[in-house]
Number of protein chains: 2
Amino acid sequence: MAQNKFLHIYEILKARIANDYYSDTMLLPTEMTLVEEFNVSRNTVRRAIQKLNEEGLVYSVKGRGVVILESTKKDNMYVPLSNFQGFNTLHTNKKSESKSIVKSFREIIIDEDLAERTSFDAGETAYFIERIRIVDGVRVMYDTSYFRANIVENLTEEIAHGSIYSYIRETIGIQIASAKTFLKVETAIAKDMEYLDLDGNNCVGAAENIVYTDMGKLFEYTEIRFIPNKFVITNFAQNINE
Amino acid sequence: MAQNKFLHIYEILKARIANDYYSDTMLLPTEMTLVEEFNVSRNTVRRAIQKLNEEGLVYSVKGRGVVILESTKKDNMYVPLSNFQGFNTLHTNKKSESKSIVKSFREIIIDEDLAERTSFDAGETAYFIERIRIVDGVRVMYDTSYFRANIVENLTEEIAHGSIYSYIRETIGIQIASAKTFLKVETAIAKDMEYLDLDGNNCVGAAENIVYTDMGKLFEYTEIRFIPNKFVITNFAQNINE
DNA sequence: GAGTGGTCTAGACCACGGT
DNA sequence: CCGTGGTCTAGACCACTCC
């Protein structure tokens with residue numbers, strides 16, 4: 001039972017779309033109809049529908065109604081991979097064994113060059129961590145992280161072996177707000193060859209990740225580099241007509 | 001002058017954040033303060049703030065306020081590339097010359113295999129189009145498109161040389177609703193070698209694009225394959241704590 | 001306890017689509 | 001023209017943060 005009314009309605013509508021309950025018309029019932037069915041205000045119905053729009057399940061057209069988008073065969077094709085936000089592994093039915101090893105862990109001083117890349121201040125202290133992630137025996141990705149030492153205090157290699165985010169949330173008590181990601185395909189460098197099972201490929205996927213605390217402070221800069229043919233990143237764009 | 005009040009307020013707040021007008025506190029004024037300043041209802045202020053949240057400029061915390069996120073050096077680093085939604089070229093100051101050539105154009109019947117990939121129906125007719133995009137003399141990407149013939153009627157090679165989307169919008173009168181994108185890094189296949197200036201790289205970026213009309217009909221499936229080191233895809237995730 | 005953002009209500013008018 | 005979704009208002013109560 002969802003606490004929020006609008007989330008509850010959103011879930012019901014989503015299930016009905018998935019079950020083809022509304023498929024005859026290709027339109028959702030009108031907002032006023034849903035207001036009467038659920039006995040809520042129009043605003044609440046609109047918030048539920050807005051969420052469906054954000055997920056790309058429907059498309060609202062002024063004057064006509066809320067159009068249900070045709071389903072595709074790809075809708076349930078991908079499986080989320082552990083912590084990595086936005087990353088999904090290619091579909092597999094079998095369960096995967098995954099573990100990670102800490103390759104480097106040390107404190108560093110941010111120099112001019114790193115200040116440019118991480119948006120930290122030159123001269124401040126940061127933790128530098130390299131970790132390799134291994135799935136089913138294959139080294140599929142590694143990430144190079146910089147954590148601001150004045151925010152993530154007393155980080156140790158032990159903690160890096162487990163979940164740094166759990167430590168940040170539970171021990172330090174910082175809430176994580178949001179992250180920005182930039183994605184590229186790049187020619188592999190020596191370190192990629194060394195850390196990854198590239199299997200003949202000479203390129204990697206590269207994702208830059210910038211993460212904020214809920215105080216608005218940038219506290220982590222991470223570059224993830226991953227092997228080809230293993231990950232899918234999904235995205236959804238609306239209102240292509242400018 | 002923006003027509004909508006909430007968009008107008010959003011733009012003002014965005015400008016103030018960019019100008020460090022609010023930087024002292026790291027918090028936006030409270031909703032009630034903004035209600036008084038702009039003489040609008042609280043809902044309108046909230047919609048403006050919601051948009052700032054969606055763009056990753058601020059982060060709202062219940063009980064505390066609207067936190068302004070630190071700016072990063074990457075915020076204005078990338079330049080959008082023509083039509084390709086979500087794609088951005090790496091920053092360059094010089095203007096680029098770009099053109100595209102149509103490599104293939106024909107009508108085909110969707111077979112079982114294509115039905116699986118495109119989510120079209122097996123047996124229906126579609127236009128098959130391959131186009132290569134050349135920027136500053138370098139073949140940087142090519143896309144393989146399938147358009148449903150019963151929606152995009154009378155498509156010709158001439159039209160494909162120009163803008164198919166202009167034809168769809170202006171001549172056919174169909175509005176485009178939204179698109180889903182799936183992104184991967186893949187080992188290059190023979191056709192990639194043939195169509196792209198891979199310059200020694202043996203991988204490509206691959207983006208699948210599924211596009212809908214505003215009637216909810218899937219009408220285009222396109223696979224874009226692009227060379228490494230040239231494009232950036234930006235993404236923004238919120239509420240990482242599940 | 002005071003103040004914040006999150007949710008929700010019950011109205012109103014407008015712009016657009018389809019007829 | 002009618003009905004649709006889009007915008008906006010003016011209230012209310014709640015959950016949370018911070019002192």
# chains A, B, ... in the order shown; residues from 1 in each chain; ligands from 1
>>> closest_atom_pairs(of="chain D", to="chain B", cutoff="12 Å", atoms="only C-alpha atoms (C1' of nucleotides)", output="CSV")
residue,atom,partner,partner_atom,distance
D:DG6,C1',B:Asn4,CA,10.0
D:DT7,C1',B:Asn4,CA,7.6
D:DC8,C1',B:Thr44,CA,7.1
D:DT9,C1',B:Ser41,CA,5.9
D:DA10,C1',B:Ser41,CA,7.5
D:DG11,C1',B:Ser41,CA,10.3
D:DC14,C1',B:Lys62,CA,11.5
D:DA15,C1',B:Lys62,CA,8.0
D:DC16,C1',B:Gly63,CA,4.7
D:DT17,C1',B:Gly63,CA,4.5
D:DC18,C1',B:Arg64,CA,7.8
>>> write_last_selection(atoms="C-alpha atoms (C1' of nucleotides)", output="CSV table (one decimal), in the first residue's frame")
chain,number,residue,atom,x,y,z
D,6,DG,C1',-2.3,23.0,-19.2
D,7,DT,C1',-2.0,26.7,-16.0
D,8,DC,C1',-3.0,29.0,-11.8
D,9,DT,C1',-5.1,30.2,-7.3
D,10,DA,C1',-5.9,29.9,-2.2
D,11,DG,C1',-6.4,27.5,1.0
D,14,DC,C1',1.6,16.6,7.4
D,15,DA,C1',6.7,15.2,8.0
D,16,DC,C1',10.8,16.7,8.5
D,17,DT,C1',15.0,19.7,10.0
D,18,DC,C1',17.0,22.5,13.1
>>> residues_around(residues="region 26-36 of chain B", least_positions_apart="2", cutoff="10 Å", atoms="only C-alpha atoms (C1' of nucleotides)", output="PyMOL selection string")
(chain A and resi 215-217) or (chain B and resi 9+13+16-17+20-24+38-46+49+58-60+64-70) or (chain C and resi 3-5)
>>> select_by_dssp(residues="region 3-240 of chain B", states="alpha helix (DSSP H)", output="JSON, numbers by chain")
{"B": [5, 6, 7, 8, 9, 10, 11, 12, 13, 14, 15, 16, 17, 18, 31, 32, 33, 34, 35, 36, 37, 38, 42, 43, 44, 45, 46, 47, 48, 49, 50, 51, 52, 53, 54, 112, 113, 114, 115, 116, 117, 118, 157, 158, 159, 160, 161, 164, 165, 166, 190, 191, 192, 193, 194, 195]}
>>> residues_around(residues="Asn202 (chain A)", least_positions_apart="6", cutoff="8 Å", atoms="only C-alpha atoms (C1' of nucleotides)", output="list of chain:residue names")
A:Thr187, A:Ala188, B:Asn201, B:Asn202, B:Cys203
>>> write_last_selection(atoms="N, CA and C atoms", output="JSON list (two decimals), in the first residue's frame")
[["chain", "number", "residue", "atom", "x", "y", "z"],
["A", 187, "THR", "N", 39.20, 5.58, -26.87],
["A", 187, "THR", "CA", 40.27, 4.65, -27.18],
["A", 187, "THR", "C", 40.92, 4.21, -25.88],
["A", 188, "ALA", "N", 41.20, 2.92, -25.76],
["A", 188, "ALA", "CA", 41.76, 2.38, -24.51],
["A", 188, "ALA", "C", 43.16, 2.91, -24.28],
["B", 201, "ASN", "N", 40.59, 2.31, -34.21],
["B", 201, "ASN", "CA", 39.72, 1.78, -33.16],
["B", 201, "ASN", "C", 38.91, 0.60, -33.69],
["B", 202, "ASN", "N", 38.66, -0.37, -32.85],
["B", 202, "ASN", "CA", 37.87, -1.52, -33.29],
["B", 202, "ASN", "C", 36.54, -1.64, -32.53],
["B", 203, "CYS", "N", 36.07, -0.52, -32.00],
["B", 203, "CYS", "CA", 34.77, -0.49, -31.33],
["B", 203, "CYS", "C", 33.99, 0.74, -31.77]]
>>> residues_around(residues="Ser100 (chain A)", least_positions_apart="3", cutoff="12 Å", atoms="only C-alpha atoms (C1' of nucleotides)", output="PyMOL selection string")
chain A and resi 82-83+97+103+130-143+160-163+195
>>> closest_residue(among="B:Leu155, B:Val185, B:Ile174, B:Met193", to="chain A", atoms="only C-alpha atoms")
B:Val185
>>> atom_distance(atom1="CA of Asn229 (chain B)", atom2="CA of Ile189 (chain B)")
18.1 Å
>>> select_by_dssp(residues="region 89-217 of chain B", states="strand (DSSP E or B)", output="PyMOL selection string")
chain B and resi 89+98-109+125-135+138-148+176-187+203-213
